[in-house]
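Contents: one structure, followed by commentary.
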Amino acid sequence: MSIIRITREFSFEGAHALGGYDGKCCHIHGHSYRMAVTVSGNPIEDDNSPKKGMVLDFTDLKKIVNENIIDKFDHALVMKEGALLAEDIGRVYGNVVTVDFQPTSEMLVIHFADIVKSLLPEGIQLHSIKLWETEKSCAEWYAEDNR
């Protein structure tokens, strides 16, 4: 059987600040993120399966990503743990996500890849994640580069 890749796109709104950065992104600012998640595997061959011919039901992939990434990061302010005022901002405005890394697109895409990889069913591999923070700028994670 052939290995097939399937991709689902997602979008969310979010803000971040890059503490210690020497440019404008040290300030709190927002993005309209777009993310493409690609997984690979063999299409199901079981004649009795309602998913016959699918690598993974797009609905299942959507559920994994929405419940574990989009629902958490959509309309959130992402800041590094210990960032000045992060707790105060969260208390006043809510939905502040703190992470143990500088919340650049590069580091977010690594974080998202770790989440998705850990939740995929047996026989399905994460192939890639591409995260656009603007229309023209993105970070990419590929399994083949991270073996």
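Naming works like this for the structure tokens: A, B, ... for the chains as they're shown, residue 1 at the start of each chain, ligands 1 onward in shown order.
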Contact table range 30-53 of chain A vs range 115-126 of chain A, cut-off 8 Å, shortest pair per residue, only C-alpha atoms, as CSV:
residue,atom,partner,partner_atom,distance
A:Val37,CA,A:Leu126,CA,7.9
A:Thr38,CA,A:Leu126,CA,6.3
A:Val39,CA,A:Leu126,CA,4.4
A:Ser40,CA,A:Gln125,CA,5.3
A:Gly41,CA,A:Ile124,CA,5.0
A:Asn42,CA,A:Gly123,CA,7.7
Output N, CA, C and O atoms of each residue in that selection to a file, as an mmCIF file, in the first residue's frame.
data_model
loop_
_atom_site.group_PDB
_atom_site.id
_atom_site.type_symbol
_atom_site.label_atom_id
_atom_site.label_comp_id
_atom_site.auth_asym_id
_atom_site.auth_seq_id
_atom_site.Cartn_x
_atom_site.Cartn_y
_atom_site.Cartn_z
ATOM 1 N N VAL A 37 -1.252 21.411 8.899
ATOM 2 C CA VAL A 37 -0.763 20.208 9.569
ATOM 3 C C VAL A 37 -0.886 19.053 8.585
ATOM 4 O O VAL A 37 -1.985 18.764 8.089
ATOM 5 N N THR A 38 0.242 18.397 8.307
ATOM 6 C CA THR A 38 0.267 17.280 7.361
ATOM 7 C C THR A 38 0.701 16.016 8.078
ATOM 8 O O THR A 38 1.729 16.011 8.767
ATOM 9 N N VAL A 39 -0.097 14.974 7.935
ATOM 10 C CA VAL A 39 0.228 13.668 8.502
ATOM 11 C C VAL A 39 0.328 12.657 7.370
ATOM 12 O O VAL A 39 -0.177 12.887 6.267
ATOM 13 N N SER A 40 0.978 11.530 7.652
ATOM 14 C CA SER A 40 1.117 10.498 6.628
ATOM 15 C C SER A 40 0.840 9.125 7.207
ATOM 16 O O SER A 40 0.954 8.903 8.413
ATOM 17 N N GLY A 41 0.462 8.237 6.313
ATOM 18 C CA GLY A 41 0.189 6.857 6.701
ATOM 19 C C GLY A 41 -0.404 6.107 5.529
ATOM 20 O O GLY A 41 -0.554 6.651 4.426
ATOM 21 N N ASN A 42 -0.752 4.861 5.775
ATOM 22 C CA ASN A 42 -1.384 4.032 4.753
ATOM 23 C C ASN A 42 -2.899 4.161 4.851
ATOM 24 O O ASN A 42 -3.444 4.122 5.962
#
Exercise. Would you please extract all strand (DSSP E) residues from chain A, as assigned by DSSP on the backbone, and give them as a PyMOL selection string?
Key: chain A and resi 4-16+29-41+76-80+96-99+125-132+138-142
Quick one: which range 3-28 of chain A residues come within 10 Å of range 58-65 of chain A, and what is the nearest atom pair for each with the distance in Å to one decimal, counting only C-alpha atoms, rows ordered by chain and ascending number, as CSV?
residue,atom,partner,partner_atom,distance
A:Ile6,CA,A:Phe58,CA,8.2
A:Thr7,CA,A:Phe58,CA,8.3
A:Arg8,CA,A:Phe58,CA,7.0
A:Glu9,CA,A:Lys62,CA,8.8
A:Phe10,CA,A:Lys62,CA,8.3
Exercise. Might you pull out every residue within 9 Å of Gly94 in chain A, with only C-alpha atoms counted and same-chain residues fewer than 5 positions away left off, and present them as an MDAnalysis selection string?
Key: chainID A and resid 76:77 89
Quiz item: So which bits of range 84-126 of chain A end up helix (DSSP H, G or I) when you DSSP the backbone, as a PyMOL selection string?
Solution: chain A and resi 86-93+105-119
Self-check item: Long-range neighbours of range 20-27 of chain A as a list of chain:residue names, 10 Å cut-off, only C-alpha atoms, 4 positions minimum in chain
Solution: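 Answer for this query is A:Ala15, A:His16, A:Gln102, A:Thr104.
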Quiz prompt | Surrounding residues of Cys138 in chain A excluding itself and chain neighbours under 5 positions, 10 Å, only C-alpha atoms, as a VMD selection string | solution = chain A and resid 33 to 35 105 to 106 109 130 to 133
Limited to N, CA and C atoms, could you put the picked residues into a file as a PDB file, in the first residue's frame?
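Saved file result.pdb follows:
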ATOM      1  N   TYR A  33      -2.711  34.015  12.653  1.00  0.00           N
ATOM      2  CA  TYR A  33      -1.921  32.828  12.329  1.00  0.00           C
ATOM      3  C   TYR A  33      -2.698  31.900  11.409  1.00  0.00           C
ATOM      4  N   ARG A  34      -1.964  31.246  10.534  1.00  0.00           N
ATOM      5  CA  ARG A  34      -2.511  30.176   9.697  1.00  0.00           C
ATOM      6  C   ARG A  34      -1.557  28.998   9.832  1.00  0.00           C
ATOM      7  N   MET A  35      -2.112  27.810   9.948  1.00  0.00           N
ATOM      8  CA  MET A  35      -1.288  26.631  10.176  1.00  0.00           C
ATOM      9  C   MET A  35      -1.768  25.474   9.306  1.00  0.00           C
ATOM     10  N   SER A 105       7.600  32.277  16.201  1.00  0.00           N
ATOM     11  CA  SER A 105       6.919  31.299  15.332  1.00  0.00           C
ATOM     12  C   SER A 105       7.714  30.003  15.257  1.00  0.00           C
ATOM     13  N   GLU A 106       9.035  30.118  15.236  1.00  0.00           N
ATOM     14  CA  GLU A 106       9.878  28.928  15.160  1.00  0.00           C
ATOM     15  C   GLU A 106       9.670  28.022  16.365  1.00  0.00           C
ATOM     16  N   VAL A 109       6.063  26.482  16.457  1.00  0.00           N
ATOM     17  CA  VAL A 109       5.848  25.358  15.540  1.00  0.00           C
ATOM     18  C   VAL A 109       6.475  24.076  16.107  1.00  0.00           C
ATOM     19  N   LYS A 130       3.347  23.806   9.131  1.00  0.00           N
ATOM     20  CA  LYS A 130       3.767  25.105   8.606  1.00  0.00           C
ATOM     21  C   LYS A 130       2.905  26.153   9.297  1.00  0.00           C
ATOM     22  N   LEU A 131       3.547  27.123   9.948  1.00  0.00           N
ATOM     23  CA  LEU A 131       2.843  28.147  10.713  1.00  0.00           C
ATOM     24  C   LEU A 131       3.185  29.522  10.152  1.00  0.00           C
ATOM     25  N   TRP A 132       2.173  30.175   9.565  1.00  0.00           N
ATOM     26  CA  TRP A 132       2.337  31.531   9.057  1.00  0.00           C
ATOM     27  C   TRP A 132       1.954  32.499  10.173  1.00  0.00           C
ATOM     28  N   GLU A 133       2.828  33.473  10.459  1.00  0.00           N
ATOM     29  CA  GLU A 133       2.443  34.503  11.418  1.00  0.00           C
ATOM     30  C   GLU A 133       1.987  35.753  10.679  1.00  0.00           C
TER      31      GLU A 133
END
Exercise. Return the single residue from A:Leu108, A:Ala17, A:Trp141, A:Met79 that is closest to Val96 in chain A, with distances computed using only C-alpha atoms.
Key: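 Using only C-alpha atoms, the shortest distance to Val96 in chain A belongs to A:Met79.
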Quiz item: Taking only C-alpha atoms into account, which of A:Arg147, A:Asp74, A:Ile69, A:Ile110 comes nearest Ile129 in chain A?
Solution: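 Closest candidate: A:Ile110.
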Practice problem: Considering only C-alpha atoms, state which residue in the set A:Glu13, A:Glu81, A:Glu45, A:Asp57 is at the smallest distance from Asp100 in chain A. | Solution: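 Closest residue, counting only C-alpha atoms: A:Glu81.
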Practice problem: Using only C-alpha atoms, find the one residue out of A:His75, A:Asn48, A:His31, A:Gly19 that sits nearest to Lys136 in chain A. | Solution: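 Of A:His75, A:Asn48, A:His31, A:Gly19, the one nearest Lys136 in chain A is A:His31, counting only C-alpha atoms.
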Quiz prompt | Point-to-point distance in Å for CA of Asn66 in chain A and CA of Thr134 in chain A | solution = 20.2 Å
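One distance worth recording is that between CA of Asp47 in chain A and CA of Met1 in chain A, which is 14.6 Å.
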Self-check item: Nearest-residue call for Ile3 in chain A, choices A:Ile28, A:Pro50, A:Gly82, A:Val55, using only C-alpha atoms
Solution: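 So, comparing all the options, the nearest one is A:Val55.
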Quiz item: Which one is closest to Phe112 in chain A: A:Ser137, A:Asn68, A:Thr98, A:Ser49? Count only C-alpha atoms.
Solution: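 So, comparing all the options, the nearest one is A:Asn68.
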Quiz item: What is the distance between CA of Asp71 in chain A and CA of Ala139 in chain A, in Å to one decimal?
Solution: 20.6 Å
